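Visitor: Please read through the structure below; I'll follow up with questions.
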Amino acid sequence: MDRIFNFSAGPSMLPLPVLEKAQRDLINYHGSGMSVMEMSHRSPVYEEIIARAEATLRDIMDIPKEWAVLFLQGGASTQFAMVPLNLMPQGGSADYAQTGMFAAKAAQEAAKFGTINIISSSKADNYTHIPAIGPRDVTPGASYVHITTNNTIFGTTYPTLPETGGVPLVADMSSNILGQVYDVRKFGLIYAGAQKNMGPAGLTVVIIRRDLLGHAQPICPTMLDYKTHADSQSMYNTPPCWSIYVAGLVFEWIKEMGGVAAIEKQNREKAALLYDVLDQSNLFTAAARRDCRSIMNVTFTLPSQQLTDAFLKEAKAAGLVNLKGHRAVGGIRASIYNAMPVEGVQALAALMQRFEARHA
Ligand SMILES: *Cc1c(COP(=O)(O)O)cnc(C)c1O
């Protein structure tokens with residue numbers, strides 16, 4: 001069966017060359033006589049795999065040595081608890097930007113461990129935009145400011161990063177890590193589930209400034225203490241070996257493609273194909289405010305549920321799948337992460353134009 005264009009928000013498409021390489025090495029990895037799924041994580045052959053994955057990620061994201069890279073499990077959702085448990089003292093406080101459903105969940109979870117201030121929110125506007133944050137918005141004594149760089153469900157992103165005046169900036173980067181260039185030095189901590197832009201589900205990447213390690217609350221479980229994992233090179237217990245291996249292949253693919261800056265350029269061109277159609281349309285309406293549009297998740301609506309269903313049906317028949325929007329927005333969501341080829345986006349843009357010609 002031929003591969004189709006899969007616009008899923010996550011787990012999402014992986015680059016075909018990565019899948020082919022994983023397939024070639026599946027049964028007998030580099031003459032080891034076993035697959036990566038079957039080998040001891042303490043074996044020299046696996047140690048090389050995890051070390052190379054980290055080194056390649058450091059290379060493509062330009063991660064300074066003062067930041068630790070951790071390969072964890074539990075998804076981005078576990079980070080909603082790990083961040084406050086590690087970065088906020090008992091009885092302390094932290095600031096959160098409420099810019100989407102995951103952002104709201106992160107704040108809600110953190111409130112179990114301290115005082116949480118919502119310092120910006122677009123909830124009243126159903127998260128169609130992202131309010132700016134300046135140093136004067138930061139609460140005195142806050143341990144960190146938490147943002148979601150890309151709001152996967154609503155299709156919004158920060159046009160510019162908040163200035164927090166020295167308070168560590170913590171980012172849930174699950175849906176746009178490696179999709180555009182970010183200066184890691186601007187963040188105290190970055191976390192991301194792998195299954196959108198990095199690899200298979202089961203891996204969570206954390207990038208943390210080393211001086212933020214070692215301050216976990218006394219109640220913090222050992223497995224949720226970043227220091228546990230930093231001190232043991234993400235090998236305190238069995239890591240998600242296979243997911244790390246495939247993510248490593250994705251990092252190498254990005255490097256071969258010219259790095260994150262080259263990928264970002266391509267992503268902006270891909271997103272522009274869809275936003276150009278939306279801006280000229282009398283049928284489709286972009287869901288996100290123009291200044292906060294995501295280049296990873298493009299959200300838009302049609303005038304009726306009937307037209308939405310008809311569009312989804314035609315898209316599926318044309319080999320464009322998983323375009324149904326999240327129920328909080330309705331309509332259509334096209335997730336066009338790094339691995340979505342430009343041909344897939346061109347096919348979607350062309351379908352939108354054909355559909356409009358018939359229905360407008
Ligand atoms: C998908 C997503 C999450 C949830 O990730 P899990 O790995 O399923 O826990 C959290 N935040 C953002 C921004 C996401 O896109």
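In the structure tokens, the first chain shown is A, the next is B, and so on; residue numbers restart at 1 for each chain, and ligands run from 1 in the order shown.
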Per residue of stretch 121-201 of chain A within 12 Å of stretch 111-116 of chain A, record the nearest atom pair and its distance in Å to one decimal, counting only C-alpha atoms, with rows in chain order and ascending residue number, as CSV.
Guide:
residue,atom,partner,partner_atom,distance
A:Val138,CA,A:Ile116,CA,11.8
A:Thr139,CA,A:Ile116,CA,10.0
A:Gly141,CA,A:Thr115,CA,10.8
A:Ala142,CA,A:Ile116,CA,8.8
A:Ser143,CA,A:Ile116,CA,10.2
A:Tyr144,CA,A:Ile116,CA,10.3
A:Val145,CA,A:Ile116,CA,10.0
A:His146,CA,A:Ile116,CA,10.2
Visitor: Write out, as a short mmCIF file (atom, residue, chain, number, x, y, z; two decimals), in the first residue's frame, the residues just selected, with N, CA, C and O atoms.
Guide:
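Dumped everything to again-v5.cif:
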data_model
loop_
_atom_site.label_atom_id
_atom_site.label_comp_id
_atom_site.auth_asym_id
_atom_site.auth_seq_id
_atom_site.Cartn_x
_atom_site.Cartn_y
_atom_site.Cartn_z
N VAL A 138 5.36 39.71 35.33
CA VAL A 138 5.87 38.60 36.14
C VAL A 138 5.68 38.92 37.62
O VAL A 138 6.01 40.01 38.09
N THR A 139 5.14 37.95 38.36
CA THR A 139 4.85 38.14 39.78
C THR A 139 6.16 38.11 40.59
O THR A 139 6.96 37.19 40.40
N GLY A 141 8.74 37.10 43.09
CA GLY A 141 8.91 35.84 43.83
C GLY A 141 8.53 34.60 43.06
O GLY A 141 8.72 33.48 43.54
N ALA A 142 8.00 34.77 41.85
CA ALA A 142 7.64 33.58 41.05
C ALA A 142 8.90 32.80 40.70
O ALA A 142 9.93 33.38 40.34
N SER A 143 8.82 31.47 40.81
CA SER A 143 10.00 30.64 40.54
C SER A 143 10.28 30.53 39.05
O SER A 143 11.42 30.33 38.64
N TYR A 144 9.23 30.61 38.24
CA TYR A 144 9.42 30.52 36.79
C TYR A 144 8.15 31.02 36.09
O TYR A 144 7.11 31.19 36.73
N VAL A 145 8.28 31.23 34.78
CA VAL A 145 7.12 31.58 33.95
C VAL A 145 6.94 30.45 32.93
O VAL A 145 7.88 30.12 32.20
N HIS A 146 5.76 29.86 32.92
CA HIS A 146 5.50 28.72 32.03
C HIS A 146 4.68 29.15 30.82
O HIS A 146 3.63 29.77 30.96
#
Visitor: Around ligand 1, at most 6 Å away and counting only C-alpha atoms and all ligand atoms, which residues are there? Put them as a list of chain:residue names, please.
Guide: A:Gly75, A:Ala76, A:Ser77, A:Phe102, A:Thr148, A:Asn151, A:Thr152, A:Asp172, A:Ser174, A:Ser175, A:Gly193
Visitor: Write to file, as a compact mmCIF listing (two decimals), in the first residue's frame, the residues of the selection just made, with N, CA, C and O atoms.
Guide:
# COMPACT_ATOMS: atom_id res chain seq x y z
N GLY A 75 5.37 11.32 28.77
CA GLY A 75 4.76 12.34 27.93
C GLY A 75 4.91 13.74 28.50
O GLY A 75 5.37 13.93 29.64
N ALA A 76 4.50 14.71 27.70
CA ALA A 76 4.54 16.09 28.17
C ALA A 76 3.67 16.25 29.41
O ALA A 76 3.96 17.04 30.30
N SER A 77 2.62 15.43 29.51
CA SER A 77 1.69 15.56 30.63
C SER A 77 2.35 15.30 31.98
O SER A 77 1.96 15.89 32.99
N PHE A 102 -3.72 22.54 26.74
CA PHE A 102 -2.56 21.94 27.42
C PHE A 102 -1.96 22.93 28.41
O PHE A 102 -1.53 22.54 29.50
N THR A 148 3.43 27.83 26.60
CA THR A 148 3.31 26.78 25.59
C THR A 148 3.67 27.45 24.27
O THR A 148 2.92 28.31 23.80
N ASN A 151 0.43 26.18 20.42
CA ASN A 151 -0.81 25.60 20.96
C ASN A 151 -1.43 24.72 19.89
O ASN A 151 -2.10 25.19 18.96
N THR A 152 -1.19 23.42 20.05
CA THR A 152 -1.48 22.39 19.07
C THR A 152 -2.95 22.35 18.64
O THR A 152 -3.25 22.11 17.48
N ASP A 172 6.64 24.45 27.27
CA ASP A 172 6.13 23.23 26.66
C ASP A 172 6.25 23.44 25.16
O ASP A 172 5.53 24.22 24.56
N SER A 174 6.13 20.94 22.88
CA SER A 174 5.79 19.63 22.31
C SER A 174 5.50 19.66 20.81
O SER A 174 5.88 18.74 20.09
N SER A 175 4.81 20.71 20.35
CA SER A 175 4.37 20.66 18.95
C SER A 175 5.15 21.58 18.02
O SER A 175 4.81 21.66 16.84
N GLY A 193 6.99 16.25 24.32
CA GLY A 193 6.71 14.86 23.95
C GLY A 193 7.24 14.65 22.54
O GLY A 193 7.16 15.54 21.71
Visitor: Find the residues of stretch 112-164 of chain A that sit at most 8 Å from stretch 290-309 of chain A; for each, write down the nearest two atoms and how far apart they are in Å, to one decimal. Count only C-alpha atoms. Sort by chain, then by number going up, and give it as JSON lines.
Guide:
{"residue": "A:His129", "atom": "CA", "partner": "A:Cys292", "partner_atom": "CA", "distance": 5.8}
{"residue": "A:Ile130", "atom": "CA", "partner": "A:Cys292", "partner_atom": "CA", "distance": 6.5}
{"residue": "A:Asn150", "atom": "CA", "partner": "A:Ser294", "partner_atom": "CA", "distance": 6.8}
{"residue": "A:Asn151", "atom": "CA", "partner": "A:Ser294", "partner_atom": "CA", "distance": 7.9}
{"residue": "A:Thr152", "atom": "CA", "partner": "A:Asn297", "partner_atom": "CA", "distance": 6.1}
{"residue": "A:Ile153", "atom": "CA", "partner": "A:Asn297", "partner_atom": "CA", "distance": 7.6}
{"residue": "A:Phe154", "atom": "CA", "partner": "A:Thr299", "partner_atom": "CA", "distance": 6.6}
{"residue": "A:Gly155", "atom": "CA", "partner": "A:Asn297", "partner_atom": "CA", "distance": 4.8}
{"residue": "A:Thr156", "atom": "CA", "partner": "A:Ser294", "partner_atom": "CA", "distance": 4.7}
{"residue": "A:Thr157", "atom": "CA", "partner": "A:Ser294", "partner_atom": "CA", "distance": 5.0}
{"residue": "A:Tyr158", "atom": "CA", "partner": "A:Cys292", "partner_atom": "CA", "distance": 5.9}
{"residue": "A:Pro159", "atom": "CA", "partner": "A:Cys292", "partner_atom": "CA", "distance": 5.8}
Visitor: Expressed in Å to a single decimal, how great is the separation between atom CA of A:Ala194 and atom CA of A:Pro221?
Guide: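 These two atoms are separated by 23.1 Å.
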Visitor: Using only C-alpha atoms, which residue out of A:Pro84, A:Gly92, A:Pro239, A:Pro140 lies closest to A:Val170?
Guide: A:Pro84
Visitor: List every residue of stretch 51-178 of chain A that DSSP, applied to the backbone of this structure, places in strand (DSSP E), and write the result as a VMD selection string.
Guide: chain A and resid 67 to 72 93 to 98 115 to 121 142 to 148 150 to 151 156 to 157 169 to 172
Visitor: Atom CA of A:Met61 and atom CA of A:Glu48 are how many Å apart?
Guide: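 For atom CA of A:Met61 relative to atom CA of A:Glu48, the distance reads 19.8 Å.
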Visitor: Which stretch 290-356 of chain A residues have any atom within 12 Å of an atom of stretch 248-264 of chain A, and for each, what is the nearest pair of atoms with distance in Å to one decimal, counting only C-alpha atoms, rows sorted by chain and number, as CSV?
Guide:
residue,atom,partner,partner_atom,distance
A:Ser294,CA,A:Glu264,CA,11.9
A:Ile295,CA,A:Glu264,CA,8.9
A:Met296,CA,A:Glu264,CA,10.1
A:Ile336,CA,A:Glu264,CA,11.7
A:Tyr337,CA,A:Ile263,CA,9.9
A:Asn338,CA,A:Ile263,CA,6.9
A:Ala339,CA,A:Val250,CA,9.2
A:Met340,CA,A:Ile263,CA,11.1
A:Pro341,CA,A:Ile263,CA,11.2
A:Val342,CA,A:Ile263,CA,11.4
Visitor: Next, the residues of the selection above should be written as a compact mmCIF listing (two decimals), in the first residue's frame with C-alpha atoms.
Guide:
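Produced file selection_24.txt, reproduced below:
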# COMPACT_ATOMS: atom_id res chain seq x y z
CA SER A 294 1.16 28.54 13.93
CA ILE A 295 3.33 27.13 11.17
CA MET A 296 2.77 23.61 12.57
CA ILE A 336 2.11 20.03 8.96
CA TYR A 337 5.11 19.10 11.06
CA ASN A 338 8.65 18.70 9.73
CA ALA A 339 8.00 15.30 8.16
CA MET A 340 4.99 16.44 6.10
CA PRO A 341 6.29 16.80 2.54
CA VAL A 342 5.51 20.02 0.68
Visitor: Excluding same-chain residues fewer than 3 positions from A:Asp231, what lies within 12 Å of it counting only C-alpha atoms, as number ranges by chain?
Guide: A: 68-70, 210, 213-214, 222, 225-228, 234-237
Visitor: Step one, run DSSP on the backbone; step two, keep only residues of stretch 121-192 of chain A assigned to helix (DSSP H, G or I); then write them as a short mmCIF file (atom, residue, chain, number, x, y, z; two decimals) with N, CA and C atoms, in the first residue's frame.
Guide:
data_model
loop_
_atom_site.label_atom_id
_atom_site.label_comp_id
_atom_site.auth_asym_id
_atom_site.auth_seq_id
_atom_site.Cartn_x
_atom_site.Cartn_y
_atom_site.Cartn_z
N LYS A 123 -8.44 32.64 27.21
CA LYS A 123 -9.53 31.67 27.34
C LYS A 123 -10.87 32.29 26.93
N ALA A 124 -11.10 33.56 27.32
CA ALA A 124 -12.38 34.21 27.02
C ALA A 124 -12.61 34.33 25.51
N ASP A 125 -11.53 34.29 24.73
CA ASP A 125 -11.65 34.37 23.27
C ASP A 125 -11.46 32.99 22.62
N PRO A 135 8.14 41.96 31.31
CA PRO A 135 8.73 41.76 32.64
C PRO A 135 7.81 42.24 33.76
N ARG A 136 6.99 43.28 33.50
CA ARG A 136 6.13 43.80 34.57
C ARG A 136 4.94 42.89 34.86
N ASP A 137 4.69 41.95 33.97
CA ASP A 137 3.60 40.99 34.22
C ASP A 137 4.04 39.87 35.17
N VAL A 184 18.14 28.29 22.88
CA VAL A 184 17.98 27.53 24.14
C VAL A 184 18.40 28.38 25.34
N ARG A 185 19.35 29.30 25.13
CA ARG A 185 19.85 30.13 26.24
C ARG A 185 18.76 31.01 26.85
N LYS A 186 17.67 31.21 26.13
CA LYS A 186 16.58 32.04 26.65
C LYS A 186 15.66 31.27 27.59
#
Visitor: Pick from A:Met13, A:Val329, A:Met37, A:Ala192: nearest to A:Ser243, with only C-alpha atoms counted?
Guide: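 Comparing A:Met13, A:Val329, A:Met37, A:Ala192 against A:Ser243, the winner is A:Met37.
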Visitor: Provide the atom CA of A:Arg3 to atom CA of A:Pro17 distance in Å, to one decimal place.
Guide: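 One can read the atom CA of A:Arg3 to atom CA of A:Pro17 distance as 12.8 Å.
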Visitor: Check the smallest atom-to-atom distance from each of A:Cys220, A:Ile208, A:Ile4, A:Leu169 to A:Leu85 using only C-alpha atoms, then report the winner.
Guide: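 Residue with the minimum atom-to-atom distance to A:Leu85: A:Cys220.
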Visitor: Tell me which protein, DNA and RNA residues are within 12 Å of A:Gln353, counting only C-alpha atoms, leaving out same-chain ones fewer than 2 positions away, and put them as a ChimeraX atom specification.
Guide: /A:273-274,276-284,311,346-351,355-360
Visitor: Could you please take those selected residues and save N, CA, C and O atoms as a compact mmCIF listing (two decimals), in the first residue's frame?
Guide:
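Below is the file that was written, again_10.txt:
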# COMPACT_ATOMS: atom_id res chain seq x y z
N LEU A 273 1.38 28.36 2.08
CA LEU A 273 0.52 27.80 1.02
C LEU A 273 -0.93 27.74 1.51
O LEU A 273 -1.87 28.06 0.78
N LEU A 274 -1.10 27.31 2.77
CA LEU A 274 -2.46 27.18 3.31
C LEU A 274 -3.02 28.54 3.73
O LEU A 274 -4.18 28.85 3.45
N ASP A 276 -2.34 31.44 2.57
CA ASP A 276 -2.67 32.23 1.38
C ASP A 276 -4.06 31.86 0.85
O ASP A 276 -4.85 32.72 0.49
N VAL A 277 -4.33 30.55 0.81
CA VAL A 277 -5.66 30.11 0.37
C VAL A 277 -6.73 30.66 1.34
O VAL A 277 -7.76 31.19 0.92
N LEU A 278 -6.45 30.54 2.64
CA LEU A 278 -7.43 30.99 3.64
C LEU A 278 -7.70 32.49 3.51
O LEU A 278 -8.84 32.95 3.60
N ASP A 279 -6.63 33.25 3.28
CA ASP A 279 -6.79 34.71 3.23
C ASP A 279 -7.58 35.17 2.02
O ASP A 279 -8.15 36.27 2.02
N GLN A 280 -7.61 34.34 0.97
CA GLN A 280 -8.34 34.73 -0.23
C GLN A 280 -9.70 34.05 -0.31
O GLN A 280 -10.43 34.23 -1.28
N SER A 281 -10.04 33.29 0.72
CA SER A 281 -11.24 32.45 0.63
C SER A 281 -12.50 33.17 1.11
O SER A 281 -12.46 33.97 2.05
N ASN A 282 -13.61 32.83 0.46
CA ASN A 282 -14.92 33.26 0.96
C ASN A 282 -15.64 32.11 1.64
O ASN A 282 -16.77 32.27 2.09
N LEU A 283 -14.98 30.98 1.73
CA LEU A 283 -15.62 29.79 2.29
C LEU A 283 -14.94 29.34 3.59
O LEU A 283 -15.60 29.02 4.57
N PHE A 284 -13.60 29.34 3.56
CA PHE A 284 -12.84 28.90 4.72
C PHE A 284 -12.44 30.11 5.58
O PHE A 284 -12.10 31.17 5.05
N PHE A 311 -16.01 18.17 3.11
CA PHE A 311 -14.59 18.45 2.83
C PHE A 311 -13.71 17.31 3.34
O PHE A 311 -12.81 16.84 2.64
N GLN A 346 0.67 21.05 -0.70
CA GLN A 346 0.20 21.52 -2.01
C GLN A 346 -1.10 20.81 -2.38
O GLN A 346 -2.04 21.45 -2.89
N ALA A 347 -1.16 19.52 -2.12
CA ALA A 347 -2.38 18.76 -2.45
C ALA A 347 -3.56 19.27 -1.64
O ALA A 347 -4.68 19.40 -2.16
N LEU A 348 -3.32 19.59 -0.37
CA LEU A 348 -4.40 20.11 0.47
C LEU A 348 -4.86 21.48 -0.01
O LEU A 348 -6.06 21.75 -0.12
N ALA A 349 -3.90 22.35 -0.31
CA ALA A 349 -4.25 23.70 -0.79
C ALA A 349 -5.06 23.62 -2.09
O ALA A 349 -6.05 24.33 -2.26
N ALA A 350 -4.65 22.71 -2.97
CA ALA A 350 -5.37 22.56 -4.25
C ALA A 350 -6.78 22.03 -4.02
O ALA A 350 -7.74 22.50 -4.65
N LEU A 351 -6.91 21.10 -3.09
CA LEU A 351 -8.24 20.57 -2.78
C LEU A 351 -9.14 21.67 -2.23
O LEU A 351 -10.32 21.78 -2.59
N PHE A 355 -12.59 22.75 -3.89
CA PHE A 355 -13.81 22.63 -3.07
C PHE A 355 -14.54 23.98 -3.03
O PHE A 355 -15.75 24.05 -3.17
N GLU A 356 -13.77 25.03 -2.87
CA GLU A 356 -14.38 26.37 -2.81
C GLU A 356 -15.05 26.73 -4.14
O GLU A 356 -16.14 27.31 -4.15
N ALA A 357 -14.40 26.38 -5.23
CA ALA A 357 -14.96 26.71 -6.56
C ALA A 357 -16.35 26.08 -6.72
O ALA A 357 -17.23 26.64 -7.37
N ARG A 358 -16.53 24.94 -6.08
CA ARG A 358 -17.82 24.25 -6.20
C ARG A 358 -18.85 24.69 -5.18
O ARG A 358 -20.05 24.54 -5.38
N HIS A 359 -18.38 25.21 -4.02
CA HIS A 359 -19.31 25.44 -2.91
C HIS A 359 -19.49 26.89 -2.48
O HIS A 359 -20.37 27.18 -1.69
N ALA A 360 -18.64 27.79 -2.95
CA ALA A 360 -18.73 29.16 -2.46
C ALA A 360 -19.95 29.90 -3.04
O ALA A 360 -20.39 29.58 -4.12
Visitor: So which one's closest to A:Phe71, A:Thr204, A:Asn6, A:Gln98, A:Asn267? Using only C-alpha atoms, please.
Guide: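 When distances to A:Phe71 are compared using only C-alpha atoms, the smallest one comes from A:Thr204.
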Visitor: Leaving out A:Phe5 and any residue of its chain fewer than 3 positions from it, which residues lie within 9 Å of it when counting only C-alpha atoms, given as a list in words?
Guide: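 The filter keeps Met13, Gly319, Leu320, Val321, Asn322, Met340, Pro341, Glu343, Gly344 and Val345 of chain A.
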